[in-house]
Structure formats: C-alpha cells, structure tokens
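**Student:** Take this structure, written in structure tokens, and hold onto it; I'll ask about it next.
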Amino acid sequence: MILLILKNKCIKKSDMTIICLVGGGQEIHTGEAGISEWIKSLNETFTHWKVYISPKLTDPEYAEGKVNVLLEENRNVTYSECLHLGVSLRSYRAEKLSAFVHALLSMDDSAGSIYAEIKDKYPIVLTRDMEKAKAWLHKQVRGSERSGVLITKESARYKPLGIHVLPPGDKDAVHWFLEDKIDTRSSNYLEDAATEIQVQGLELDYTCLLWDADMRYEDGEWHFYRFNGRTEWREILDNSESRHEQIKYMLNAYRVLLTRARKGMVLCVPEGNSHVTPNGFPEDRTRLPEFYDGTYEYLKGLGVEEID
C-alpha cells in the first residue's frame, strides 16, 4: 500500500492536502486505470500541486512498474521512504501476505520462502476437495467471525462442485456480508461465492478461493482462458492491446481474491472430471483434470500445505 500526499499551495486562506491510499494491482474492470490516472492528472492538469510519494513503486502492479518514469518530468515530486505502508491492516496476522501473493502471481522464486515465514501465524492451506475446504473453514471460525467462498467472474464450471455465484448488484452482496450464519444467504453458509467485483475493498476473516480453469499454470507460466458459455474454454491468444488489458484484469482478480482474508484461507483447486463414457470420450470436456493439475502442482511446489 502506498501513501500519496498532494498539497495545493495556490489556495490563499489555507493549504489543502489530499492523502490517498493507493493499492497496487486493483484494476479489475474496464475503465479502472489505477495510479496512472492520478499521475496523468497531476502532470497535465494539476501541475501546481506538490506531490509526496514513496519511491517503492517499481512493482508491476503499480502502473506496470512505470510510476517513477511517469513522474520523472514533474518537478513538484518529493520521494519519502516513510510513505510506504508495509504492514497490511487487512491481514494483520501476516505482514508479508501481499509480498507472498505478489511472488506467487509473478512466479518469483521467493514465494516459497515467504510462505514458510507466514504460515504459522496466517494459515494458507491447499485442497482439491470443496467439501474439505468447507470443513476447514467451519473449524476455523469462532463466534461472529465470517467465512466465505470466493471465485473470479471469469470462472464458469463451479456448479458441479455445489457452488453458485452471487448475481450482480448490491442486494445479494449485502445479505452475503451481513446476515447471520444461520441464514442461507450468508457468506458463512458456503453455498454462494462472491467475485472480485463484489469483494473489492472488503474482507472476511477466513476465505476459500475456488481456483477455476480461467487462469492455469502451464509450462512455467500463466495461461488465461474464457469459457464460451456452452462447450469449451478458449485461450486468450491474440497480441492486441485489449488482450493485455484482459490478462491484467484476470491476474488482478486473483490478486484481489488472495488478499480478502484477515486470518487465513484455503485454496481449492478442483480435480476436474476424469471419467469417460462407455465409448471412451470424456464425460465432461469442460473440466478435464489437466485444466487444473498444473496450478495445483505449482501451489504445492511452493510448500503450501495440503489438508487431509
């Protein structure tokens, strides 16, 4: 999290100061440009404003790592190390959770060692069985603590696992977040999953991230797919600007969902459907095991502990 401070020295009666908390990698939908739009406004329109900002803006989730470049011609910028907020208030049990998520998604070699540092205070576990994931969540929560299932909006094949996705709009999300655990509309019932759109900026105590076949670890890198709504997943392959934007949103969707839990989370990567018909054809071509196996092996290879 970055603290961005803007001061307007042109106001006669008193100075105006704007303090902005800017998180990286939060752009998940068309029209969200993140910190780059702040910088564009400062460079082109509010050129008289003084800017105080952290120098630690080289990570790709902050304007693709180009914040310092975008500000290099702005003479009103002051960099200060103390403006980098390194401790997350959301996941207070794990100061390095964001670093782990960043390393996991960027396939950085440090992901495994960071996980080893945080796992005792902030449990992150792995399973291929949704029922085991639900059982783990039920064991964790105490009193009024909340748990819930999370899934990306590009996910498509979750119904065979007994999971439904909240419809868009605020009404159902309000019930999901606020109703008591005996209410079937509550997140605690673990039947309805919320997407990155519904939980952005919010959090639960414990979460299950159901990892579908939309983002897969294959041949040492992430591959991105969209379901055609009927019969198959199609990989996003063209080299257009829109493709890069789609991939950024999909990657950031997982970044958002991986940072919604205050106290711990379980990652559920389904096994898929390995059954074949009497004629030898796959019973379900939309949930083949190979769609999920690479992601599961990648997470397990980081040392993420699998629950029984």
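Ordering of the structure tokens sets the chain letters (A, B, ...), residue numbers begin anew at 1 in every chain, and ligands are numbered from 1 in the order given.
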DSSP on the backbone, then: every residue of range 80-226 of chain A marked strand (DSSP E), written as number ranges by chain.

**Tutor:** A: 124-127, 147-150, 164-165, 192-194, 204-210, 215-218, 221-226

**Student:** Keeping only C-alpha atoms, write the selected residues as a PDB file, in the first residue's frame.

**Tutor:**
```
ATOM      1  CA  ILE A 124      -2.794 -20.860   3.931  1.00  0.00           C
ATOM      2  CA  VAL A 125      -3.715 -24.420   3.010  1.00  0.00           C
ATOM      3  CA  LEU A 126      -4.484 -26.352  -0.154  1.00  0.00           C
ATOM      4  CA  THR A 127      -7.070 -28.933  -1.184  1.00  0.00           C
ATOM      5  CA  SER A 147     -16.022 -17.095   6.249  1.00  0.00           C
ATOM      6  CA  GLY A 148     -16.942 -17.306   2.593  1.00  0.00           C
ATOM      7  CA  VAL A 149     -16.167 -18.740  -0.832  1.00  0.00           C
ATOM      8  CA  LEU A 150     -14.540 -16.516  -3.442  1.00  0.00           C
ATOM      9  CA  HIS A 164     -23.345 -20.809  -7.063  1.00  0.00           C
ATOM     10  CA  VAL A 165     -22.187 -17.272  -7.769  1.00  0.00           C
ATOM     11  CA  ASP A 192     -22.867 -18.694  -2.762  1.00  0.00           C
ATOM     12  CA  ALA A 193     -19.490 -17.428  -3.938  1.00  0.00           C
ATOM     13  CA  ALA A 194     -18.640 -13.761  -4.344  1.00  0.00           C
ATOM     14  CA  LEU A 204     -13.786 -11.721   5.637  1.00  0.00           C
ATOM     15  CA  ASP A 205     -11.967 -13.492   8.455  1.00  0.00           C
ATOM     16  CA  TYR A 206     -11.404 -16.755   6.550  1.00  0.00           C
ATOM     17  CA  THR A 207     -11.897 -17.467   2.865  1.00  0.00           C
ATOM     18  CA  CYS A 208     -11.864 -20.268   0.355  1.00  0.00           C
ATOM     19  CA  LEU A 209     -10.579 -19.295  -3.068  1.00  0.00           C
ATOM     20  CA  LEU A 210     -12.054 -21.699  -5.608  1.00  0.00           C
ATOM     21  CA  MET A 215      -6.169 -18.981 -15.120  1.00  0.00           C
ATOM     22  CA  ARG A 216      -3.880 -22.011 -15.348  1.00  0.00           C
ATOM     23  CA  TYR A 217      -0.242 -22.656 -14.610  1.00  0.00           C
ATOM     24  CA  GLU A 218       1.088 -24.393 -17.724  1.00  0.00           C
ATOM     25  CA  GLU A 221       3.720 -19.554 -16.887  1.00  0.00           C
ATOM     26  CA  TRP A 222       0.137 -18.424 -16.514  1.00  0.00           C
ATOM     27  CA  HIS A 223      -2.307 -19.034 -19.354  1.00  0.00           C
ATOM     28  CA  PHE A 224      -5.646 -17.272 -19.494  1.00  0.00           C
ATOM     29  CA  TYR A 225      -8.943 -18.699 -20.762  1.00  0.00           C
ATOM     30  CA  ARG A 226     -12.551 -17.695 -21.204  1.00  0.00           C
TER      31      ARG A 226
END
```

**Student:** Near Gly112 in chain A, within 7 Å and counting only C-alpha atoms, which residues show up once chain neighbours fewer than 3 positions away are dropped, as a list of chain:residue names?

**Tutor:**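 Counting only the stated atoms, we get A:Asp109, A:Tyr115, A:Ala116, A:Leu302, A:Gly303.
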
**Student:** Print the selection's residues with C-alpha atoms to a file, as a PDB file, in the first residue's frame.

**Tutor:**
```pdb
ATOM      1  CA  ASP A 109      11.430 -17.723  -6.573  1.00  0.00           C
ATOM      2  CA  TYR A 115       5.066 -18.735   2.627  1.00  0.00           C
ATOM      3  CA  ALA A 116       7.285 -20.549   5.125  1.00  0.00           C
ATOM      4  CA  LEU A 302       5.644 -23.577  -3.146  1.00  0.00           C
ATOM      5  CA  GLY A 303       5.192 -25.600   0.009  1.00  0.00           C
TER       6      GLY A 303
END
```

**Student:** Could I get the residues of range 79-191 of chain A with an atom no further than 12 Å from an atom of range 230-235 of chain A, each paired with its nearest atom pair and that distance in Å to one decimal, using only C-alpha atoms, sorted by chain and residue number, as a Markdown table?

**Tutor:**
```
| residue | atom | partner | partner_atom | distance |
| --- | --- | --- | --- | --- |
| A:Glu154 | CA | A:Trp233 | CA | 10.6 |
| A:Ser155 | CA | A:Trp233 | CA | 10.3 |
| A:Ala156 | CA | A:Trp233 | CA | 9.2 |
| A:Arg157 | CA | A:Trp233 | CA | 10.1 |
```

**Student:** Show me, as a ChimeraX atom specification, the residues that have an atom within 12 Å of Asp293 in chain A when counting only C-alpha atoms, minus same-chain residues fewer than 6 positions from it.

**Tutor:** /A:127-128,211-213,215-219,268-274,287,299-301

**Student:** Would you mind writing down, as a PyMOL selection string, each residue of range 68-250 of chain A that DSSP on the backbone assigns to helix (DSSP H, G or I)?

**Tutor:** chain A and resi 68-71+81-83+97-105+111-118+130-140+159-161+170-178+187-189+196-199+241-250

**Student:** For His175 in chain A, find every residue with an atom within 8 Å (counting only C-alpha atoms), except residues of its own chain fewer than 3 positions away, and show them as a list in words.

**Tutor:**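 Once the nearby chain positions are removed, what remains is Lys171, Asp172, Leu178, Glu179, Arg185 and Ser186 of chain A.
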
**Student:** Check the smallest atom-to-atom distance from each of A:Val101, A:Thr78, A:Pro289, A:Val276 to Ala253 in chain A using only C-alpha atoms, then report the winner.

**Tutor:**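 Using only C-alpha atoms, the shortest distance to Ala253 in chain A belongs to A:Val101.
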
**Student:** Using only C-alpha atoms, determine which residues lie at most 7 Å from range 70-76 of chain A, disregarding the query and same-chain residues fewer than 3 positions distant; provide the list as a PyMOL selection string.

**Tutor:** chain A and resi 43+49-51+66-67

**Student:** Kindly save the residues from that selection, with C-alpha atoms included, as a PDB file, in the first residue's frame.

**Tutor:**
```pdb
ATOM      1  CA  ASN A  43       1.212  16.006 -14.940  1.00  0.00           C
ATOM      2  CA  TRP A  49       0.189  20.602  -6.833  1.00  0.00           C
ATOM      3  CA  LYS A  50       3.100  19.290  -4.780  1.00  0.00           C
ATOM      4  CA  VAL A  51       3.361  15.507  -4.646  1.00  0.00           C
ATOM      5  CA  LYS A  66       6.408   2.812 -14.543  1.00  0.00           C
ATOM      6  CA  VAL A  67       5.309   5.236 -11.820  1.00  0.00           C
TER       7      VAL A  67
END
```

**Student:** How many Å lie between CA of Ala135 in chain A and CA of Gln198 in chain A, rounded to one decimal?

**Tutor:**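 So the two atoms, CA of Ala135 in chain A and CA of Gln198 in chain A, lie 23.8 Å apart.
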
**Student:** Go through A:His275, A:Lys248, A:Arg255, A:Lys181 and flag the residue nearest Leu288 in chain A, using only C-alpha atoms for the distances.

**Tutor:**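 Answer, going by the shortest atom-to-atom distance: A:His275.
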
**Student:** Do you have the CA of Tyr296 in chain A-CA of Lys132 in chain A distance handy?

**Tutor:**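 About the pair CA of Tyr296 in chain A and CA of Lys132 in chain A: they are 15.4 Å apart.
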
**Student:** May I ask which of the residues A:Ile236, A:Ala173, A:Leu267, A:Cys82 is the closest one to Pro123 in chain A, counting only C-alpha atoms?

**Tutor:** A:Leu267

**Student:** Of the candidates A:Ser113, A:Asn68, A:Ser98, A:Thr277, which one gets nearest to Arg262 in chain A if we count only C-alpha atoms?

**Tutor:**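 The closest residue to Arg262 in chain A is A:Ser98.
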
**Student:** Choose the residue, out of A:Gly264, A:Ser106, A:Pro282, A:Cys20, that has the smallest atom-to-atom separation from Val141 in chain A; count only C-alpha atoms.

**Tutor:**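 Going through A:Gly264, A:Ser106, A:Pro282, A:Cys20 one by one, the smallest distance to Val141 in chain A is for A:Gly264.
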